[in-house]
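Enquirer: Coordinates in coords-v5.txt, compact mmCIF, C-alpha atoms, are listed below.
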# COMPACT_ATOMS: atom_id res chain seq x y z
CA MET F 1 -5.09 12.57 6.85
CA GLN F 2 -1.77 14.37 7.11
CA PRO F 3 1.02 13.59 4.70
CA LEU F 4 4.45 12.47 5.88
CA SER F 5 5.05 12.95 9.61
CA LEU F 6 7.68 11.94 12.13
CA ALA F 7 5.55 9.03 13.43
CA VAL F 8 6.29 6.72 10.51
CA LEU F 9 8.82 4.04 9.73
CA PRO F 10 11.22 4.61 6.85
CA PHE F 11 10.71 2.33 3.87
CA PRO F 12 13.72 0.02 3.53
CA ASN F 13 15.31 0.69 0.17
CA ILE F 14 15.75 -2.95 -0.89
CA ASP F 15 16.22 -3.53 -4.60
CA PRO F 16 13.40 -5.78 -5.90
CA VAL F 17 16.06 -7.41 -8.10
CA ILE F 18 18.46 -9.61 -6.18
CA VAL F 19 21.01 -9.91 -8.97
CA HIS F 20 21.34 -9.31 -12.70
CA LEU F 21 22.79 -12.16 -14.73
CA GLY F 22 23.24 -10.55 -18.11
CA PRO F 23 19.73 -9.92 -19.48
CA LEU F 24 18.22 -12.07 -16.73
CA ALA F 25 17.03 -10.39 -13.53
CA ILE F 26 16.40 -12.50 -10.42
CA HIS F 27 13.56 -10.89 -8.41
CA TRP F 28 12.68 -11.44 -4.75
CA TYR F 29 9.11 -12.09 -5.90
CA GLY F 30 10.09 -15.00 -8.12
CA VAL F 31 12.46 -16.40 -5.49
CA GLY F 32 9.60 -16.29 -2.97
CA TYR F 33 7.50 -18.52 -5.23
CA ILE F 34 10.36 -20.93 -5.94
CA VAL F 35 11.45 -21.25 -2.30
CA GLY F 36 7.81 -21.62 -1.22
CA ILE F 37 7.21 -24.50 -3.66
CA LEU F 38 10.47 -26.21 -2.72
CA PHE F 39 9.74 -25.86 1.00
CA ALA F 40 6.24 -27.31 0.64
CA TRP F 41 7.73 -30.25 -1.30
CA TRP F 42 10.45 -30.86 1.31
CA TYR F 43 8.05 -30.46 4.22
CA ALA F 44 5.46 -32.79 2.67
CA LYS F 45 8.16 -35.47 2.30
CA ARG F 46 9.04 -35.03 5.97
CA LEU F 47 5.40 -35.54 6.89
CA VAL F 48 4.90 -38.74 4.92
CA THR F 49 8.14 -40.26 6.27
CA ASN F 50 7.34 -39.49 9.92
CA PRO F 51 5.71 -42.65 11.33
CA ARG F 52 4.53 -40.81 14.45
CA LEU F 53 2.05 -38.90 12.31
CA TRP F 54 0.54 -42.12 10.92
CA PRO F 55 0.19 -44.30 14.03
CA GLU F 56 -2.33 -46.76 12.54
CA GLY F 57 -0.62 -47.50 9.26
CA PRO F 58 1.68 -46.22 6.51
CA ALA F 59 1.35 -42.81 4.94
CA PRO F 60 -1.06 -42.74 1.96
CA MET F 61 1.74 -41.91 -0.47
CA LYS F 62 5.47 -42.35 -0.95
CA PRO F 63 8.11 -39.59 -0.99
CA GLU F 64 8.70 -40.46 -4.64
CA ASP F 65 5.12 -39.46 -5.41
CA LEU F 66 5.85 -35.99 -4.06
CA ASP F 67 9.04 -35.81 -6.13
CA ASP F 68 6.94 -36.37 -9.24
CA PHE F 69 4.21 -33.98 -8.13
CA ILE F 70 6.42 -30.90 -7.73
CA VAL F 71 6.32 -30.14 -11.47
CA TRP F 72 2.52 -30.43 -11.45
CA ALA F 73 2.41 -28.08 -8.47
CA ALA F 74 4.59 -25.46 -10.15
CA VAL F 75 2.43 -25.49 -13.29
CA GLY F 76 -0.77 -25.30 -11.24
CA VAL F 77 0.48 -22.34 -9.18
CA VAL F 78 1.74 -20.28 -12.13
CA VAL F 79 -1.03 -21.01 -14.64
CA GLY F 80 -3.79 -20.81 -12.03
CA GLY F 81 -2.37 -17.71 -10.38
CA ARG F 82 -2.02 -15.83 -13.65
CA THR F 83 -5.42 -16.93 -14.96
CA GLY F 84 -7.08 -15.93 -11.70
CA TYR F 85 -5.53 -12.47 -11.78
CA VAL F 86 -6.62 -11.91 -15.38
CA LEU F 87 -10.21 -13.03 -14.71
CA PHE F 88 -10.78 -11.61 -11.22
CA TYR F 89 -8.78 -8.39 -11.14
CA ASP F 90 -8.07 -6.83 -14.55
CA LEU F 91 -10.04 -8.57 -17.31
CA PRO F 92 -10.77 -5.44 -19.44
CA ARG F 93 -7.08 -4.63 -19.71
CA TYR F 94 -6.16 -8.13 -20.88
CA LEU F 95 -9.06 -8.31 -23.31
CA ALA F 96 -7.70 -5.14 -24.88
CA ASN F 97 -4.09 -6.42 -24.78
CA PRO F 98 -4.25 -10.24 -24.81
CA LEU F 99 -0.49 -10.70 -25.30
CA ASP F 100 0.05 -9.08 -21.88
CA ILE F 101 -1.45 -12.21 -20.32
CA PHE F 102 1.87 -13.95 -20.95
CA ALA F 103 3.99 -11.08 -19.56
CA VAL F 104 4.17 -12.60 -16.08
CA TRP F 105 7.41 -10.72 -15.36
CA GLN F 106 5.30 -7.56 -15.13
CA GLY F 107 3.55 -8.99 -12.04
CA GLY F 108 -0.05 -9.93 -11.50
CA MET F 109 -0.77 -13.21 -9.70
CA SER F 110 -3.89 -14.20 -7.78
CA PHE F 111 -3.67 -16.48 -4.77
CA HIS F 112 -7.23 -17.68 -5.30
CA GLY F 113 -6.47 -18.60 -8.90
CA GLY F 114 -3.23 -20.28 -7.87
CA LEU F 115 -5.11 -22.28 -5.26
CA LEU F 116 -7.65 -23.51 -7.79
CA GLY F 117 -4.90 -24.39 -10.25
CA THR F 118 -2.93 -26.31 -7.63
CA VAL F 119 -6.01 -28.16 -6.35
CA LEU F 120 -6.83 -29.24 -9.90
CA ALA F 121 -3.24 -30.45 -10.33
CA MET F 122 -3.43 -32.37 -7.04
CA VAL F 123 -6.72 -34.06 -7.92
CA LEU F 124 -5.49 -35.14 -11.37
CA PHE F 125 -2.14 -36.32 -10.04
CA ALA F 126 -3.65 -38.17 -7.08
CA ARG F 127 -6.11 -40.03 -9.27
CA SER F 128 -3.33 -41.00 -11.66
CA ARG F 129 -1.44 -42.59 -8.73
CA GLY F 130 -4.35 -44.14 -6.88
CA ILE F 131 -3.97 -41.74 -3.94
CA ARG F 132 -6.95 -40.29 -2.12
CA PRO F 133 -6.97 -36.64 -3.34
CA TRP F 134 -7.77 -35.20 0.08
CA SER F 135 -4.75 -36.94 1.60
CA LEU F 136 -2.45 -35.28 -0.94
CA ILE F 137 -4.15 -31.93 -0.37
CA ASP F 138 -3.70 -32.25 3.41
CA VAL F 139 -0.01 -33.10 3.18
CA VAL F 140 0.81 -30.34 0.67
CA ALA F 141 -1.32 -27.67 2.39
CA ALA F 142 0.60 -28.07 5.65
CA GLY F 143 3.71 -26.43 4.17
CA VAL F 144 2.14 -23.86 1.84
CA PRO F 145 1.93 -20.97 4.39
CA VAL F 146 5.71 -20.54 4.33
CA GLY F 147 5.60 -19.67 0.63
CA LEU F 148 2.67 -17.33 1.19
CA GLY F 149 4.62 -15.46 3.84
CA LEU F 150 7.68 -15.14 1.61
CA VAL F 151 5.66 -13.80 -1.31
CA ARG F 152 4.00 -11.21 0.95
CA LEU F 153 7.43 -10.06 2.10
CA ALA F 154 8.39 -9.74 -1.57
CA ASN F 155 5.26 -7.61 -2.11
CA PHE F 156 6.56 -5.32 0.64
CA ILE F 157 10.01 -5.10 -0.96
CA ASN F 158 8.36 -4.31 -4.30
CA SER F 159 6.32 -1.51 -2.68
CA GLU F 160 3.07 -3.02 -3.97
CA LEU F 161 -0.26 -4.06 -2.47
CA TRP F 162 0.25 -1.56 0.34
CA GLY F 163 -2.31 -0.65 2.95
CA ARG F 164 -4.76 2.17 3.52
CA PRO F 165 -3.63 5.55 4.90
CA THR F 166 -3.24 5.50 8.68
CA ASP F 167 -1.66 7.30 11.63
CA VAL F 168 -0.46 4.21 13.53
CA PRO F 169 3.14 4.51 14.80
CA TRP F 170 4.34 1.70 12.51
CA ALA F 171 2.93 3.28 9.35
CA VAL F 172 5.17 3.31 6.28
CA VAL F 173 5.40 5.79 3.42
CA PHE F 174 5.75 3.61 0.32
CA PRO F 175 7.63 4.99 -2.72
CA THR F 176 4.69 4.10 -4.97
CA GLY F 177 1.93 4.97 -2.50
CA GLY F 178 2.01 8.74 -2.49
CA PRO F 179 3.00 10.94 0.48
CA PHE F 180 0.65 9.28 2.99
CA PRO F 181 1.72 6.95 5.80
CA ARG F 182 0.07 3.59 5.16
CA HIS F 183 -0.52 0.28 6.88
CA PRO F 184 2.23 -2.21 5.94
CA SER F 185 -0.53 -4.66 5.12
CA GLN F 186 1.89 -6.97 3.32
CA ILE F 187 3.58 -7.59 6.69
CA TYR F 188 0.22 -8.25 8.34
CA GLU F 189 -0.52 -10.86 5.68
CA ALA F 190 2.96 -12.38 5.91
CA LEU F 191 2.45 -12.91 9.65
CA LEU F 192 -1.14 -14.18 9.45
CA GLU F 193 -1.10 -16.19 6.21
CA GLY F 194 2.49 -17.27 6.72
CA LEU F 195 3.75 -17.67 10.27
CA VAL F 196 0.49 -17.99 12.24
CA LEU F 197 -1.22 -20.29 9.75
CA PHE F 198 1.86 -22.51 9.50
CA LEU F 199 2.01 -22.88 13.29
CA VAL F 200 -1.70 -23.71 13.48
CA LEU F 201 -1.34 -26.41 10.83
CA ARG F 202 1.81 -27.70 12.52
CA PHE F 203 -0.18 -28.10 15.74
CA LEU F 204 -2.89 -30.01 13.87
CA THR F 205 -0.45 -32.35 12.11
CA HIS F 206 1.97 -33.02 14.97
CA SER F 207 -0.07 -32.60 18.17
CA ARG F 208 -3.57 -33.57 17.02
CA LEU F 209 -2.43 -36.07 14.36
CA LYS F 210 -5.07 -34.75 11.97
CA LEU F 211 -3.37 -36.16 8.89
CA LYS F 212 -5.18 -39.38 9.76
CA THR F 213 -8.46 -37.50 9.26
CA PRO F 214 -8.56 -36.74 5.52
CA ARG F 215 -9.85 -33.27 4.68
CA PHE F 216 -9.28 -31.70 8.11
CA VAL F 217 -5.84 -30.15 7.55
CA GLY F 218 -6.76 -29.00 4.05
CA GLY F 219 -9.99 -27.52 5.38
CA ALA F 220 -8.10 -25.76 8.18
CA PHE F 221 -5.70 -24.27 5.65
CA VAL F 222 -8.47 -22.99 3.37
CA CYS F 223 -10.49 -21.57 6.27
CA GLY F 224 -7.42 -20.09 7.97
CA TYR F 225 -6.25 -18.37 4.82
CA GLY F 226 -9.72 -17.00 4.11
CA LEU F 227 -10.06 -15.55 7.61
CA SER F 228 -6.55 -14.07 7.50
CA ARG F 229 -7.14 -12.49 4.10
CA ILE F 230 -10.53 -11.02 5.06
CA PHE F 231 -9.00 -9.49 8.20
CA ALA F 232 -6.04 -8.05 6.29
CA GLU F 233 -8.30 -6.59 3.61
CA PHE F 234 -9.68 -4.12 6.17
CA PHE F 235 -6.20 -2.55 6.22
CA ARG F 236 -5.19 -3.07 2.58
CA GLU F 237 -5.83 -0.55 -0.18
CA PRO F 238 -8.10 -2.14 -2.82
CA ASP F 239 -6.82 -2.62 -6.34
CA ALA F 240 -7.02 0.71 -8.16
CA GLN F 241 -8.86 -0.73 -11.18
CA LEU F 242 -11.55 -2.23 -8.92
CA GLY F 243 -11.82 -0.05 -5.82
CA TYR F 244 -14.45 -0.91 -3.24
CA LEU F 245 -17.38 -3.03 -4.39
CA LEU F 246 -21.14 -2.44 -4.30
CA GLY F 247 -20.82 1.23 -3.37
CA THR F 248 -19.24 0.49 0.02
CA ASN F 249 -16.07 1.90 1.53
CA TRP F 250 -14.87 -1.45 2.87
CA LEU F 251 -15.86 -4.42 0.66
CA THR F 252 -13.04 -5.63 -1.63
CA MET F 253 -12.59 -8.36 -4.20
CA GLY F 254 -10.24 -10.15 -1.81
CA MET F 255 -13.04 -10.40 0.75
CA VAL F 256 -15.53 -11.64 -1.83
CA LEU F 257 -13.18 -14.37 -3.06
CA SER F 258 -12.13 -15.40 0.46
CA THR F 259 -15.61 -15.75 2.00
CA PRO F 260 -16.44 -18.99 0.13
CA MET F 261 -13.06 -20.33 1.27
CA VAL F 262 -14.01 -19.83 4.93
CA LEU F 263 -17.35 -21.58 4.43
CA PHE F 264 -15.81 -24.43 2.46
CA GLY F 265 -13.03 -24.87 5.03
CA ILE F 266 -15.54 -25.04 7.88
CA TRP F 267 -17.54 -27.65 5.96
CA ALA F 268 -14.41 -29.70 5.25
CA MET F 269 -13.35 -29.75 8.91
CA ALA F 270 -16.87 -30.42 10.20
CA THR F 271 -17.40 -33.40 7.90
CA ALA F 272 -13.90 -34.88 8.10
CA ARG F 273 -13.81 -38.35 9.65
CA PRO F 274 -10.89 -40.66 10.45
CA SER F 275 -10.78 -43.50 7.98
CA ALA F 276 -8.60 -46.44 7.11
CA LEU F 277 -6.39 -46.21 4.07
CA ALA F 278 -7.88 -47.45 0.86
CA PRO F 279 -6.09 -50.58 -0.44
CA GLN F 280 -4.56 -48.72 -3.39
CA GLU F 281 -3.20 -46.02 -1.05
CA ALA F 282 -1.49 -48.56 1.21
CA GLU F 283 0.19 -50.09 -1.85
CA SER F 284 1.08 -46.84 -3.65
Have the structure of the file written as structure tokens, please.
Expert:
Amino acid sequence: MQPLSLAVLPFPNIDPVIVHLGPLAIHWYGVGYIVGILFAWWYAKRLVTNPRLWPEGPAPMKPEDLDDFIVWAAVGVVVGGRTGYVLFYDLPRYLANPLDIFAVWQGGMSFHGGLLGTVLAMVLFARSRGIRPWSLIDVVAAGVPVGLGLVRLANFINSELWGRPTDVPWAVVFPTGGPFPRHPSQIYEALLEGLVLFLVLRFLTHSRLKLKTPRFVGGAFVCGYGLSRIFAEFFREPDAQLGYLLGTNWLTMGMVLSTPMVLFGIWAMATARPSALAPQEAES
């Protein structure tokens, strides 16, 4: 592999910090999370107030339920994402320096951990309101890809999680990635996990009316993300502290964690069946 050549794209020199407010620094990464959560909340409210998507009865929850859930969602994303990163990606470091676990401003979030944390929050919240958990998962999952895409774009701006060395014409030399042109794998993930997955779920909710089939939209999201992540991992440099797994030159932790998601998503879609609203859902 040759170092820097003419057949590469220049890395855009975008400051990872949007603005400094005294000692407080507003980062693109944090804004991506906040905008993603707010969009999913707004979009979910649009779904439950659109009668065309629920042709046989009312939505299984009220917009006010989603207003109350947004705090639960934020806690689930942050706590789950941080816990997942600590456990899955860099446990020895945090065992040696446990206080670093709370230094979230230094980066280090796991999507898989964030997903588990958010699912737990949804199940607990749904049961507290008498809502079928899968219905809440379906409605929330439909808008999540937008946040995923924004966070991947922030990864690109931060010059982190870059791809493997390559000679493709759109390769980028990242400031933190050495002199080699690399795949802009963050952009691949932003397109697949963000734009493409959102459009697929939009088709399922608005054209196929799959919100009336509990578990299908949530299963499609989980499966779609898993497939997108596994594909992108073939172009993404593995985490330095982990490298490739099992002596291979291709298997990564991202692939290992995403494979069960694909299988679970397929199961969820295959077993989903249209069903009438439970009495407590119709009254919630």
Enquirer: Find the nearest atom pair between each residue of region 176-216 of chain F and region 7-21 of chain F for residues within 12 Å, count only C-alpha atoms, give distances in Å to one decimal, sort rows by chain and ascending number, and present the table as a Markdown table.
Expert:
| residue | atom | partner | partner_atom | distance |
| --- | --- | --- | --- | --- |
| F:Thr176 | CA | F:Phe11 | CA | 10.8 |
| F:Gly177 | CA | F:Phe11 | CA | 11.2 |
| F:Pro179 | CA | F:Val8 | CA | 11.4 |
| F:Phe180 | CA | F:Val8 | CA | 9.7 |
| F:Pro181 | CA | F:Val8 | CA | 6.6 |
| F:Arg182 | CA | F:Val8 | CA | 8.8 |
| F:His183 | CA | F:Val8 | CA | 10.1 |
| F:Pro184 | CA | F:Phe11 | CA | 9.8 |
Enquirer: Please, which residues are within 9 Å of (-0.4, -40.1, 13.3) by the file's coordinates, counting all atoms listed in the file, and could they come as a ChimeraX atom specification?
Expert: /F:50-57,59,205-212
Enquirer: Could you jot down the CA of Trp41 (chain F) to CA of Leu199 (chain F) separation for me, Å, one decimal place?
Expert: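 Answer for the CA of Trp41 (chain F) to CA of Leu199 (chain F) separation: 17.3 Å.
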Enquirer: Rank nothing, just name the residue among F:Trp134, F:Phe156, F:Phe198, F:Phe235 nearest to Phe216 (chain F), using all atoms listed in the file.
Expert: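 Checking each of F:Trp134, F:Phe156, F:Phe198, F:Phe235 against Phe216 (chain F), counting all atoms listed in the file, the winner is F:Trp134.
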Enquirer: At what distance in Å, to one decimal, does CA of Val144 (chain F) lie from CA of Tyr43 (chain F)?
Expert: 9.2 Å
Enquirer: Using all atoms listed in the file, which of F:Ala40, F:Ile101, F:Leu242, F:Gly32 sits nearest Ala190 (chain F)?
Expert: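 Comparing F:Ala40, F:Ile101, F:Leu242, F:Gly32 against Ala190 (chain F), the winner is F:Gly32.
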Enquirer: What does the distance from CA of Gly243 (chain F) to CA of Arg93 (chain F) come to in Å, to one decimal?
Expert: 15.4 Å
Enquirer: Quick one: everything within 12 Å of Ile187 (chain F), counting only C-alpha atoms, minus sequence neighbours fewer than 4 positions away in the same chain. Send it as an MDAnalysis selection string.
Expert: chainID F and resid 148:157 159:163 170:172 182:183 191:195 232 235:236
Enquirer: When you look at Ile70 (chain F) with a cut-off of 8 Å (counting only C-alpha atoms), what residues show up, excluding the ones that are within fewer than 2 positions of it in the same chain? I need them as a list in words.
Expert: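 Skipping anything fewer than 2 positions along the chain leaves Ile37, Leu38, Trp41, Leu66, Asp67, Asp68, Trp72, Ala73 and Ala74 of chain F.
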Enquirer: Name all residues at most 8 Å from region 135-140 of chain F (count all atoms listed in the file; drop same-chain ones fewer than 3 positions away) and give them as number ranges by chain.
Expert: F: 40-41, 44, 47-48, 60-61, 119, 122, 126, 131-132, 143-144, 211, 214-218
Enquirer: May I ask which of the residues F:Gly84, F:Gly108, F:Pro133, F:Pro145 is the closest one to Arg202 (chain F), counting all atoms listed in the file?
Expert: F:Pro145
Enquirer: Ranking F:Trp250, F:Trp42, F:Tyr244, F:Trp267 by minimum distance to Gly219 (chain F) and counting all atoms listed in the file, which one comes first?
Expert: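 Among the listed residues, F:Trp267 lies closest to Gly219 (chain F).
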Enquirer: Find the axis-aligned box for region 23-34 of chain F, covering all its listed atoms and adding 6 Å on each side, and write its centre and edge lengths in Å to one decimal as JSON.
Expert:
{"center_x": 13.6, "center_y": -15.4, "center_z": -11.2, "size_x": 24.2, "size_y": 23.0, "size_z": 28.5}
Enquirer: Compile the contact shell of Gly30 (chain F) as a PyMOL selection string: residues with an atom at most 9 Å away, counting only C-alpha atoms, same-chain residues fewer than 3 positions apart removed.
Expert: chain F and resi 26-27+33-35+105+151+154
